[in-house]
Each structure stands twice: as structure tokens, then as C-alpha cells.
file work_5.csv (CSV, C-alpha atoms and all ligand atoms)
chain,number,residue,atom,x,y,z
A,1,MET,CA,-17.2,-12.9,10.8
A,2,SER,CA,-15.9,-16.2,9.6
A,3,LYS,CA,-12.1,-16.5,9.3
A,4,GLN,CA,-10.5,-18.1,6.3
A,5,VAL,CA,-7.5,-17.8,4.1
A,6,ILE,CA,-8.0,-14.9,1.7
A,7,SER,CA,-6.5,-15.2,-1.8
A,8,THR,CA,-4.0,-12.5,-3.0
A,9,PRO,CA,-6.3,-11.3,-5.9
A,10,VAL,CA,-9.1,-10.6,-3.4
A,11,ILE,CA,-6.7,-8.8,-1.0
A,12,ARG,CA,-5.5,-6.7,-4.0
A,13,ARG,CA,-9.0,-5.7,-4.8
A,14,LEU,CA,-9.8,-4.5,-1.3
A,15,PRO,CA,-8.1,-1.1,-1.5
A,16,ARG,CA,-10.0,-0.4,-4.7
A,17,TYR,CA,-13.3,-1.3,-3.0
A,18,TYR,CA,-12.3,1.0,-0.2
A,19,ARG,CA,-11.6,3.8,-2.5
A,20,PHE,CA,-14.8,3.4,-4.5
A,21,LEU,CA,-16.9,3.2,-1.3
A,22,GLY,CA,-15.2,6.4,-0.1
A,23,ASP,CA,-16.3,8.1,-3.3
A,24,LEU,CA,-19.8,6.9,-2.8
A,25,GLU,CA,-19.8,8.1,0.8
A,26,HIS,CA,-18.6,11.5,-0.5
A,27,GLU,CA,-21.6,11.5,-2.9
A,28,LYS,CA,-23.8,10.8,0.1
A,29,VAL,CA,-24.9,7.4,-1.3
A,30,GLU,CA,-26.2,5.4,1.7
A,31,ARG,CA,-26.5,2.0,0.1
A,32,ILE,CA,-25.7,0.2,-3.1
A,33,SER,CA,-26.5,-3.1,-4.7
A,34,SER,CA,-23.7,-5.5,-5.9
A,35,ARG,CA,-25.0,-4.8,-9.4
A,36,GLU,CA,-24.6,-1.0,-9.1
A,37,LEU,CA,-21.2,-1.3,-7.5
A,38,ALA,CA,-20.1,-3.8,-10.2
A,39,LEU,CA,-21.1,-1.3,-12.9
A,40,ARG,CA,-19.2,1.5,-11.3
A,41,MET,CA,-16.1,-0.7,-10.8
A,42,GLY,CA,-16.1,-2.6,-14.0
A,43,LEU,CA,-16.4,-5.9,-12.2
A,44,SER,CA,-19.2,-8.5,-12.2
A,45,ALA,CA,-21.8,-8.5,-9.4
A,46,SER,CA,-21.0,-12.2,-8.7
A,47,GLN,CA,-17.3,-11.3,-8.4
A,48,ILE,CA,-18.2,-8.7,-5.8
A,49,ARG,CA,-20.5,-11.0,-3.8
A,50,GLN,CA,-17.8,-13.7,-4.0
A,51,ASP,CA,-15.1,-11.3,-2.7
A,52,PHE,CA,-17.3,-10.1,0.2
A,53,ASN,CA,-18.3,-13.6,1.1
A,54,CYS,CA,-14.6,-14.3,1.9
A,55,PHE,CA,-15.1,-12.1,4.9
A,56,GLY,CA,-18.5,-13.5,5.8
A,57,GLY,CA,-20.6,-11.4,3.4
A,58,PHE,CA,-21.7,-7.9,4.3
A,59,GLY,CA,-24.9,-7.4,2.2
A,60,GLN,CA,-28.5,-8.1,2.9
A,61,GLN,CA,-30.8,-9.7,0.4
A,62,GLY,CA,-32.9,-7.0,-1.3
A,63,TYR,CA,-31.1,-4.2,0.5
A,64,GLY,CA,-27.6,-4.3,-0.9
A,65,TYR,CA,-24.7,-2.9,1.0
A,66,HIS,CA,-24.6,-0.2,3.5
A,67,VAL,CA,-21.9,2.0,2.0
A,68,LYS,CA,-20.5,3.5,5.3
A,69,GLU,CA,-20.6,0.3,7.2
A,70,LEU,CA,-19.0,-1.7,4.4
A,71,ARG,CA,-16.3,0.9,4.0
A,72,GLU,CA,-15.6,0.7,7.7
A,73,ILE,CA,-15.4,-3.1,7.7
A,74,ILE,CA,-13.1,-3.1,4.7
A,75,GLY,CA,-11.0,-0.4,6.2
A,76,GLY,CA,-10.8,-2.5,9.4
A,77,ILE,CA,-9.6,-5.5,7.3
A,78,LEU,CA,-7.0,-3.3,5.6
A,79,GLY,CA,-5.9,-1.9,8.9
A,80,VAL,CA,-6.4,1.8,7.9
A,81,ARG,CA,-7.0,2.8,11.5
A,82,GLU,CA,-3.7,1.4,12.6
A,83,LYS,CA,-0.7,3.6,12.7
A,84,THR,CA,2.1,1.6,11.2
A,85,GLY,CA,5.4,3.3,11.6
A,86,VAL,CA,7.1,3.8,8.2
A,87,ILE,CA,10.6,4.9,7.3
A,88,LEU,CA,11.7,5.9,3.8
A,89,ILE,CA,15.3,5.2,2.6
A,90,GLY,CA,16.6,7.2,-0.3
A,91,ALA,CA,15.5,10.9,-0.5
A,92,GLY,CA,16.2,11.4,-4.2
A,93,ASN,CA,13.6,12.4,-6.8
A,94,LEU,CA,11.4,9.4,-6.2
A,95,GLY,CA,11.7,9.3,-2.4
A,96,LYS,CA,10.8,13.0,-2.1
A,97,ALA,CA,7.8,12.6,-4.5
A,98,ILE,CA,6.6,9.6,-2.4
A,99,ALA,CA,7.1,11.4,0.9
A,100,ALA,CA,5.2,14.5,-0.4
A,101,HIS,CA,2.4,12.9,-2.3
A,102,VAL,CA,1.5,9.5,-0.8
A,103,ASP,CA,-1.2,9.8,1.8
A,104,PHE,CA,0.4,7.6,4.4
A,105,GLN,CA,-2.2,8.4,7.1
A,106,LYS,CA,-5.0,7.3,4.8
A,107,CYS,CA,-3.4,3.9,4.4
A,108,GLY,CA,-3.0,3.4,8.2
A,109,CYS,CA,0.7,4.4,8.1
A,110,SER,CA,2.7,7.2,9.5
A,111,LEU,CA,5.9,8.3,7.8
A,112,ILE,CA,8.2,8.9,10.8
A,113,GLY,CA,11.7,9.0,9.4
A,114,ILE,CA,13.6,9.6,6.1
A,115,PHE,CA,17.2,8.5,5.6
A,116,ASP,CA,19.8,9.0,2.9
A,117,SER,CA,23.5,8.2,2.6
A,118,ASP,CA,24.3,11.5,0.9
A,119,PRO,CA,25.9,13.7,3.5
A,120,LEU,CA,24.7,16.8,1.6
A,121,LEU,CA,21.1,15.8,2.4
A,122,ALA,CA,21.5,15.3,6.1
A,123,GLY,CA,19.9,18.1,8.0
A,124,THR,CA,17.6,19.1,5.1
A,125,SER,CA,14.0,18.1,5.1
A,126,THR,CA,11.3,16.9,2.7
A,127,ALA,CA,7.6,16.9,3.2
A,128,GLY,CA,8.3,18.5,6.6
A,129,ILE,CA,10.3,15.5,7.8
A,130,PRO,CA,14.1,15.9,8.4
A,131,ILE,CA,16.4,13.7,6.3
A,132,MET,CA,18.7,11.8,8.6
A,133,PRO,CA,22.1,10.1,7.9
A,134,MET,CA,22.2,6.3,7.6
A,135,GLU,CA,24.5,6.2,10.6
A,136,THR,CA,21.5,7.1,12.8
A,137,LEU,CA,19.2,4.4,11.4
A,138,ASP,CA,20.0,1.8,14.0
A,139,SER,CA,19.4,3.9,17.0
A,140,PHE,CA,16.3,5.4,15.3
A,141,CYS,CA,14.8,2.0,14.7
A,142,ARG,CA,15.6,0.9,18.3
A,143,GLN,CA,13.8,4.0,19.7
A,144,HIS,CA,10.8,4.3,17.3
A,145,LYS,CA,10.4,0.7,16.2
A,146,PRO,CA,9.1,1.4,12.6
A,147,SER,CA,7.8,-1.8,11.0
A,148,VAL,CA,7.8,-0.8,7.3
A,149,ALA,CA,10.5,0.6,5.0
A,150,VAL,CA,9.9,2.3,1.7
A,151,LEU,CA,13.0,1.7,-0.5
A,152,CYS,CA,13.8,4.4,-3.0
A,153,ILE,CA,17.4,3.6,-3.5
A,154,PRO,CA,19.4,2.2,-6.5
A,155,LYS,CA,18.8,-1.5,-6.9
A,156,GLU,CA,22.5,-2.3,-6.2
A,157,ALA,CA,22.0,-1.1,-2.7
A,158,ALA,CA,18.7,-2.7,-2.0
A,159,GLN,CA,19.5,-6.4,-1.1
A,160,THR,CA,22.3,-5.6,1.4
A,161,LEU,CA,20.2,-2.9,3.1
A,162,VAL,CA,17.2,-5.1,3.4
A,163,GLU,CA,19.2,-7.7,5.5
A,164,ILE,CA,20.3,-4.8,7.8
A,165,LEU,CA,16.8,-3.4,8.0
A,166,ILE,CA,15.3,-6.8,8.9
A,167,SER,CA,17.9,-7.1,11.7
A,168,TYR,CA,16.6,-3.7,12.9
A,169,GLY,CA,13.0,-5.1,13.1
A,170,ILE,CA,11.6,-4.0,9.8
A,171,GLY,CA,9.0,-6.6,8.7
A,172,GLY,CA,7.5,-5.0,5.5
A,173,PHE,CA,9.1,-3.5,2.4
A,174,TRP,CA,7.5,-1.2,-0.1
A,175,ASN,CA,10.2,-1.6,-2.7
A,176,PHE,CA,10.6,0.8,-5.6
A,177,SER,CA,14.2,0.0,-6.2
A,178,HIS,CA,13.7,-1.7,-9.6
A,179,PHE,CA,14.8,-5.0,-8.1
A,180,ASP,CA,12.4,-7.8,-7.2
A,181,LEU,CA,13.4,-8.3,-3.6
A,182,ARG,CA,13.3,-11.9,-2.3
A,183,VAL,CA,13.5,-12.5,1.4
A,184,ASN,CA,13.7,-16.0,2.9
A,185,ASN,CA,11.8,-15.1,6.0
A,186,PRO,CA,8.1,-15.9,6.1
A,187,ASP,CA,7.5,-13.1,8.6
A,188,VAL,CA,8.8,-10.5,6.2
A,189,ILE,CA,6.4,-9.1,3.6
A,190,VAL,CA,7.7,-7.5,0.3
A,191,GLU,CA,5.6,-5.4,-2.1
A,192,ASN,CA,7.7,-4.8,-5.2
A,193,VAL,CA,6.4,-1.8,-7.2
A,194,HIS,CA,7.3,-1.1,-10.8
A,195,LEU,CA,5.4,1.8,-12.3
A,196,GLY,CA,7.0,0.8,-15.7
A,197,ASP,CA,5.2,-2.6,-15.5
A,198,SER,CA,1.9,-0.8,-15.4
A,199,LEU,CA,2.7,1.4,-18.3
A,200,MET,CA,4.0,-1.6,-20.3
A,201,THR,CA,0.7,-3.4,-19.6
A,202,LEU,CA,-1.2,-0.3,-21.0
A,203,ALA,CA,1.1,-0.2,-24.1
A,204,PHE,CA,0.5,-3.9,-24.7
A,205,CYS,CA,-3.2,-3.5,-24.5
A,206,MET,CA,-3.1,-0.5,-26.9
A,207,HIS,CA,-1.1,-2.6,-29.4
A,208,GLN,CA,-3.6,-5.4,-29.1
A,209,GLU,CA,-6.4,-3.0,-30.1
A,301,LIG,P1,18.0,9.5,-7.1
A,301,LIG,O1,19.3,9.3,-7.6
A,301,LIG,O2,17.3,10.8,-7.3
A,301,LIG,O3,17.8,9.1,-5.6
A,301,LIG,C1,18.4,8.0,-5.0
A,301,LIG,C2,18.7,8.4,-3.5
A,301,LIG,O4,19.2,7.2,-2.8
A,301,LIG,C3,19.9,9.4,-3.5
A,301,LIG,O5,19.5,10.5,-2.7
A,301,LIG,C4,21.0,8.6,-2.8
A,301,LIG,O6,21.9,9.4,-2.1
A,301,LIG,C5,20.3,7.6,-2.0
A,301,LIG,N1,21.0,6.3,-1.8
A,301,LIG,C6,21.8,5.6,-2.6
A,301,LIG,N2,22.3,4.5,-2.0
A,301,LIG,C7,21.8,4.6,-0.8
A,301,LIG,C8,22.0,3.7,0.4
A,301,LIG,N3,22.7,2.6,0.3
A,301,LIG,N4,21.4,4.1,1.5
A,301,LIG,C9,20.7,5.2,1.6
A,301,LIG,N5,20.5,6.0,0.6
A,301,LIG,C10,21.0,5.7,-0.6
A,301,LIG,O7,17.1,8.3,-7.8
A,301,LIG,P2,15.5,8.3,-8.0
A,301,LIG,O8,15.1,8.9,-9.3
A,301,LIG,O9,14.9,8.8,-6.8
A,301,LIG,O10,15.3,6.7,-8.1
A,301,LIG,C11,15.5,5.9,-7.0
A,301,LIG,C12,15.3,4.4,-7.3
A,301,LIG,O11,14.0,4.2,-7.7
A,301,LIG,C13,16.1,4.0,-8.5
A,301,LIG,O12,16.6,2.7,-8.3
A,301,LIG,C14,15.2,4.1,-9.7
A,301,LIG,O13,15.5,3.2,-10.7
A,301,LIG,C15,13.9,3.6,-9.0
A,301,LIG,N6,12.7,4.0,-9.6
A,301,LIG,C16,11.7,3.1,-9.5
A,301,LIG,C17,10.4,3.3,-10.0
A,301,LIG,C18,9.4,2.3,-9.9
A,301,LIG,O14,8.4,2.4,-10.5
A,301,LIG,N7,9.7,1.2,-9.1
A,301,LIG,C19,10.1,4.6,-10.6
A,301,LIG,C20,11.2,5.5,-10.6
A,301,LIG,C21,12.4,5.2,-10.1
call {"tool": "encode", "arguments": {"input": "work_5.csv", "output": "C-alpha cells", "more": "lines below"}}
Ligand code: NAI
result
Amino acid sequence: MSKQVISTPVIRRLPRYYRFLGDLEHEKVERISSRELALRMGLSASQIRQDFNCFGGFGQQGYGYHVKELREIIGGILGVREKTGVILIGAGNLGKAIAAHVDFQKCGCSLIGIFDSDPLLAGTSTAGIPIMPMETLDSFCRQHKPSVAVLCIPKEAAQTLVEILISYGIGGFWNFSHFDLRVNNPDVIVENVHLGDSLMTLAFCMHQE
């Protein structure tokens, strides 16, 4: 497979390809043409071919794509078979919902610890995982070496905490704290998530109609 720099829009489409191919596999579809896949996904066939060409192209002329194989290859690129250690900070409404409803395993991650500064939460658990006090975060990170942190804390707390987490070895942040984190460290990856942005995009498109 040829190696080249992959653009962010292509990378952002990969989980969607992975999900659609999973549905196809579930429907026992063995192979699919770029045209059929494009129709299902609301993309153009040339877009799909272009995207897959970034990774060396997976299809065969006149045959299309082998669904299971293609899903495995994309899964490999996305690292879904890896077990990235994840901690979640902030076990409030959002944190509990994420812990309970996000399928971390499916994404190549494993939620191994939940932390909160509220002493009333220490010793309770959510999604079967005990909530630990922040005082134990340092030793937990040294022992279990998580590499990703999910931030479900108020935005005022986020930036300071991020610096601390980086010093504990965290290299990736899934940040829900309504604050666009910026980290001046090229080795640290931040994914800021704002559900409201998505809703606002929908509302805008509705008004355009
Ligand atoms: P919440 O008040 O129910 O939970 C926040 C939790 O964080 C509490 O348990 C609190 O004790 C803990 N906490 C506060 N400061 C902390 C610190 N320094 N270290 C560790 N734990 C700390 O709030 P909720 O509803 O769960 O929301 C959490 C955050 O997520 C808020 O900033 C909210 O605005 C944001 N949010 C973001 C969304 C998005 O789409 N990005 C959607 C919904 C909420």
C-alpha cells in the first residue's frame, strides 16, 4: 500500500465508510461497486474512488470492492483493532451518557478510568466503571498509561487540566467542554466536539430551504 499524506476531509470520511461497510456486511453483501456505494452514501462514485486511491486503491476493475476486505482495511487504517486506553474526566450528565452509550471498543478504544472532582461521586460508578477522585489521576496514569482523555468538564476547567494531563502522558483529547482547545504541541491531537454546531448547521440548512 503506498504511503502518502492523507487530507483531513478524507480521514473524516473513513469512519462513515467503515460504518456503511459494516451495514453491508450485516446485510450479507459481498461486493459493491463504487457507484452503488456512492448511491447509498450520498457521495459521488469518483469521490469514493479518489478517497480509496489515497490508500493505494482497493477495488478491481469490473469487480468493485470486496465489502469484508475493504472494511478490514479501513478498520486497520482507523486502528479499530488497537486498544487505546481512554480516561474520562467529568462524570456529570454528559460524561455519564458518553460512558454508557459510546461504544469505545468498536472504535479501538477502552475506557479504563473515570475521574471527577466532586467528592460525592468518588466511590460511585457509572457504566460499571468506578468514578475516582482527581487526586488519584497522577498515579493512575503512571500505572495504566492511558493515551486519550475525554473531557466532559466545564470549559473554565479545561485548559488548565489539559496541561496537567499532557504532563501525565495524555496525547489525545476528545473535548466536549464547549471550548476550542488549542495545544502548542505537535504530538498532541485535539478533537473538539460541539453537538450544537451540528444542530446549528441543520437549522441553517432548513432556513435556506
Ligand atoms: P455537569 O455539571 O452535569 O457535569 C460536569 C462534571 O464535571 C461534574 O460532575 C463536576 O463535578 C465535574 N468537574 C468540574 N470541574 C472539574 C475538574 N476540574 N476536574 C474534574 N471534574 C470536574 O455538566 P454536563 O451537563 O455533564 O456538561 C459538562 C460539560 O460539557 C459542560 O461544559 C457543557 O457545557 C458541555 N457540553 C458540551 C456538549 C457538546 O456538544 N460539546 C453537549 C453538552 C454539554
call {"tool": "closest_residue", "arguments": {"input": "work_5.csv", "among": "A:Thr84, A:Ser44, A:Asn175, A:Ser33", "to": "Gln60 (chain A)", "atoms": "all atoms listed in the file"}}
result
A:Ser33
call {"tool": "residues_near_ligand", "arguments": {"input": "work_5.csv", "ligand": "ligand LIG 301 (chain A)", "cutoff": "6 Å", "atoms": "only C-alpha atoms and all ligand atoms", "output": "list of chain:residue names"}}
result
A:Ile89, A:Gly90, A:Ala91, A:Gly92, A:Asn93, A:Leu94, A:Gly95, A:Asp116, A:Ser117, A:Asp118, A:Cys152, A:Ile153, A:Pro154, A:Lys155, A:Ala157, A:Phe176, A:Ser177, A:His178, A:Val193, A:His194, A:Leu195, A:Gly196
call {"tool": "closest_residue", "arguments": {"input": "work_5.csv", "among": "A:Val150, A:Met134, A:Val188, A:Ile11", "to": "Phe104 (chain A)", "atoms": "all atoms listed in the file"}}
result
A:Val150
call {"tool": "residues_around", "arguments": {"input": "work_5.csv", "residues": "region 13-21 of chain A", "least_positions_apart": "6", "cutoff": "7 Å", "atoms": "only C-alpha atoms", "output": "PyMOL selection string"}}
result
chain A and resi 67+71+74-75
call {"tool": "closest_residue", "arguments": {"input": "work_5.csv", "among": "A:Gly172, A:Gly85, A:Pro9, A:Gly76", "to": "Gln47 (chain A)", "atoms": "all atoms listed in the file"}}
result
A:Pro9
call {"tool": "residues_around", "arguments": {"input": "work_5.csv", "residues": "Phe58 (chain A)", "least_positions_apart": "5", "cutoff": "12 Å", "atoms": "all atoms listed in the file", "output": "list in words"}}
result
Met1, Ser2, Arg31, Ile32, Ser33, Ser34, Ile48, Arg49, Gln50, Asp51, Phe52, Asn53, Tyr63, Gly64, Tyr65, His66, Val67, Lys68, Glu69, Leu70, Arg71, Glu72, Ile73 and Ile74 of chain A
call {"tool": "residues_near_point", "arguments": {"input": "work_5.csv", "point": "(19.2, 6.2, 9.4)", "cutoff": "9 Å", "atoms": "only C-alpha atoms", "output": "MDAnalysis selection string"}}
result
chainID A and resid 87 89 113:117 131:141
call {"tool": "atom_distance", "arguments": {"input": "work_5.csv", "atom1": "CA of Cys205 (chain A)", "atom2": "CA of Glu191 (chain A)"}}
result
24.1 Å
call {"tool": "atom_distance", "arguments": {"input": "work_5.csv", "atom1": "CA of Val5 (chain A)", "atom2": "CA of Arg81 (chain A)"}}
result
21.9 Å
call {"tool": "build_atoms", "arguments": {"input": "work_5.csv", "residues": "region 53-69 of chain A", "atoms": "N, CA, C and O atoms", "output": "JSON list (two decimals), keeping the file's coordinate frame"}}
result
[["chain", "number", "residue", "atom", "x", "y", "z"],
["A", 53, "ASN", "N", -18.00, -12.39, 0.33],
["A", 53, "ASN", "CA", -18.30, -13.60, 1.10],
["A", 53, "ASN", "C", -17.07, -14.19, 1.77],
["A", 53, "ASN", "O", -17.17, -14.87, 2.77],
["A", 54, "CYS", "N", -15.88, -13.86, 1.21],
["A", 54, "CYS", "CA", -14.60, -14.30, 1.90],
["A", 54, "CYS", "C", -14.55, -13.81, 3.28],
["A", 54, "CYS", "O", -13.85, -14.37, 4.11],
["A", 55, "PHE", "N", -15.20, -12.69, 3.54],
["A", 55, "PHE", "CA", -15.10, -12.10, 4.90],
["A", 55, "PHE", "C", -16.44, -12.28, 5.63],
["A", 55, "PHE", "O", -16.72, -11.59, 6.59],
["A", 56, "GLY", "N", -17.26, -13.19, 5.14],
["A", 56, "GLY", "CA", -18.50, -13.50, 5.80],
["A", 56, "GLY", "C", -19.71, -12.81, 5.17],
["A", 56, "GLY", "O", -20.84, -12.98, 5.62],
["A", 57, "GLY", "N", -19.49, -12.06, 4.08],
["A", 57, "GLY", "CA", -20.60, -11.40, 3.40],
["A", 57, "GLY", "C", -21.15, -10.25, 4.16],
["A", 57, "GLY", "O", -21.38, -10.36, 5.35],
["A", 58, "PHE", "N", -21.30, -9.11, 3.51],
["A", 58, "PHE", "CA", -21.70, -7.90, 4.30],
["A", 58, "PHE", "C", -23.15, -7.48, 3.87],
["A", 58, "PHE", "O", -23.73, -6.64, 4.52],
["A", 59, "GLY", "N", -23.64, -7.98, 2.76],
["A", 59, "GLY", "CA", -24.90, -7.40, 2.20],
["A", 59, "GLY", "C", -26.13, -8.09, 2.80],
["A", 59, "GLY", "O", -26.04, -9.08, 3.53],
["A", 60, "GLN", "N", -27.28, -7.50, 2.52],
["A", 60, "GLN", "CA", -28.50, -8.10, 2.90],
["A", 60, "GLN", "C", -29.37, -8.27, 1.63],
["A", 60, "GLN", "O", -29.42, -7.35, 0.82],
["A", 61, "GLN", "N", -30.02, -9.44, 1.53],
["A", 61, "GLN", "CA", -30.80, -9.70, 0.40],
["A", 61, "GLN", "C", -31.88, -8.59, 0.16],
["A", 61, "GLN", "O", -32.57, -8.22, 1.11],
["A", 62, "GLY", "N", -31.90, -8.03, -1.04],
["A", 62, "GLY", "CA", -32.90, -7.00, -1.30],
["A", 62, "GLY", "C", -32.56, -5.62, -0.80],
["A", 62, "GLY", "O", -33.28, -4.66, -1.05],
["A", 63, "TYR", "N", -31.48, -5.52, -0.07],
["A", 63, "TYR", "CA", -31.10, -4.20, 0.50],
["A", 63, "TYR", "C", -29.80, -3.72, -0.10],
["A", 63, "TYR", "O", -29.59, -2.53, -0.30],
["A", 64, "GLY", "N", -28.94, -4.65, -0.43],
["A", 64, "GLY", "CA", -27.60, -4.30, -0.90],
["A", 64, "GLY", "C", -26.66, -4.03, 0.21],
["A", 64, "GLY", "O", -26.82, -4.58, 1.30],
["A", 65, "TYR", "N", -25.69, -3.19, -0.04],
["A", 65, "TYR", "CA", -24.70, -2.90, 1.00],
["A", 65, "TYR", "C", -24.82, -1.55, 1.55],
["A", 65, "TYR", "O", -25.07, -0.60, 0.81],
["A", 66, "HIS", "N", -24.65, -1.47, 2.84],
["A", 66, "HIS", "CA", -24.60, -0.20, 3.50],
["A", 66, "HIS", "C", -23.25, 0.41, 3.29],
["A", 66, "HIS", "O", -22.26, -0.14, 3.80],
["A", 67, "VAL", "N", -23.16, 1.50, 2.52],
["A", 67, "VAL", "CA", -21.90, 2.00, 2.00],
["A", 67, "VAL", "C", -20.90, 2.32, 3.20],
["A", 67, "VAL", "O", -19.76, 1.85, 3.23],
["A", 68, "LYS", "N", -21.39, 3.09, 4.17],
["A", 68, "LYS", "CA", -20.50, 3.50, 5.30],
["A", 68, "LYS", "C", -20.00, 2.33, 6.07],
["A", 68, "LYS", "O", -18.80, 2.21, 6.35],
["A", 69, "GLU", "N", -20.97, 1.43, 6.38],
["A", 69, "GLU", "CA", -20.60, 0.30, 7.20],
["A", 69, "GLU", "C", -19.61, -0.62, 6.46],
["A", 69, "GLU", "O", -18.60, -1.06, 7.03]]
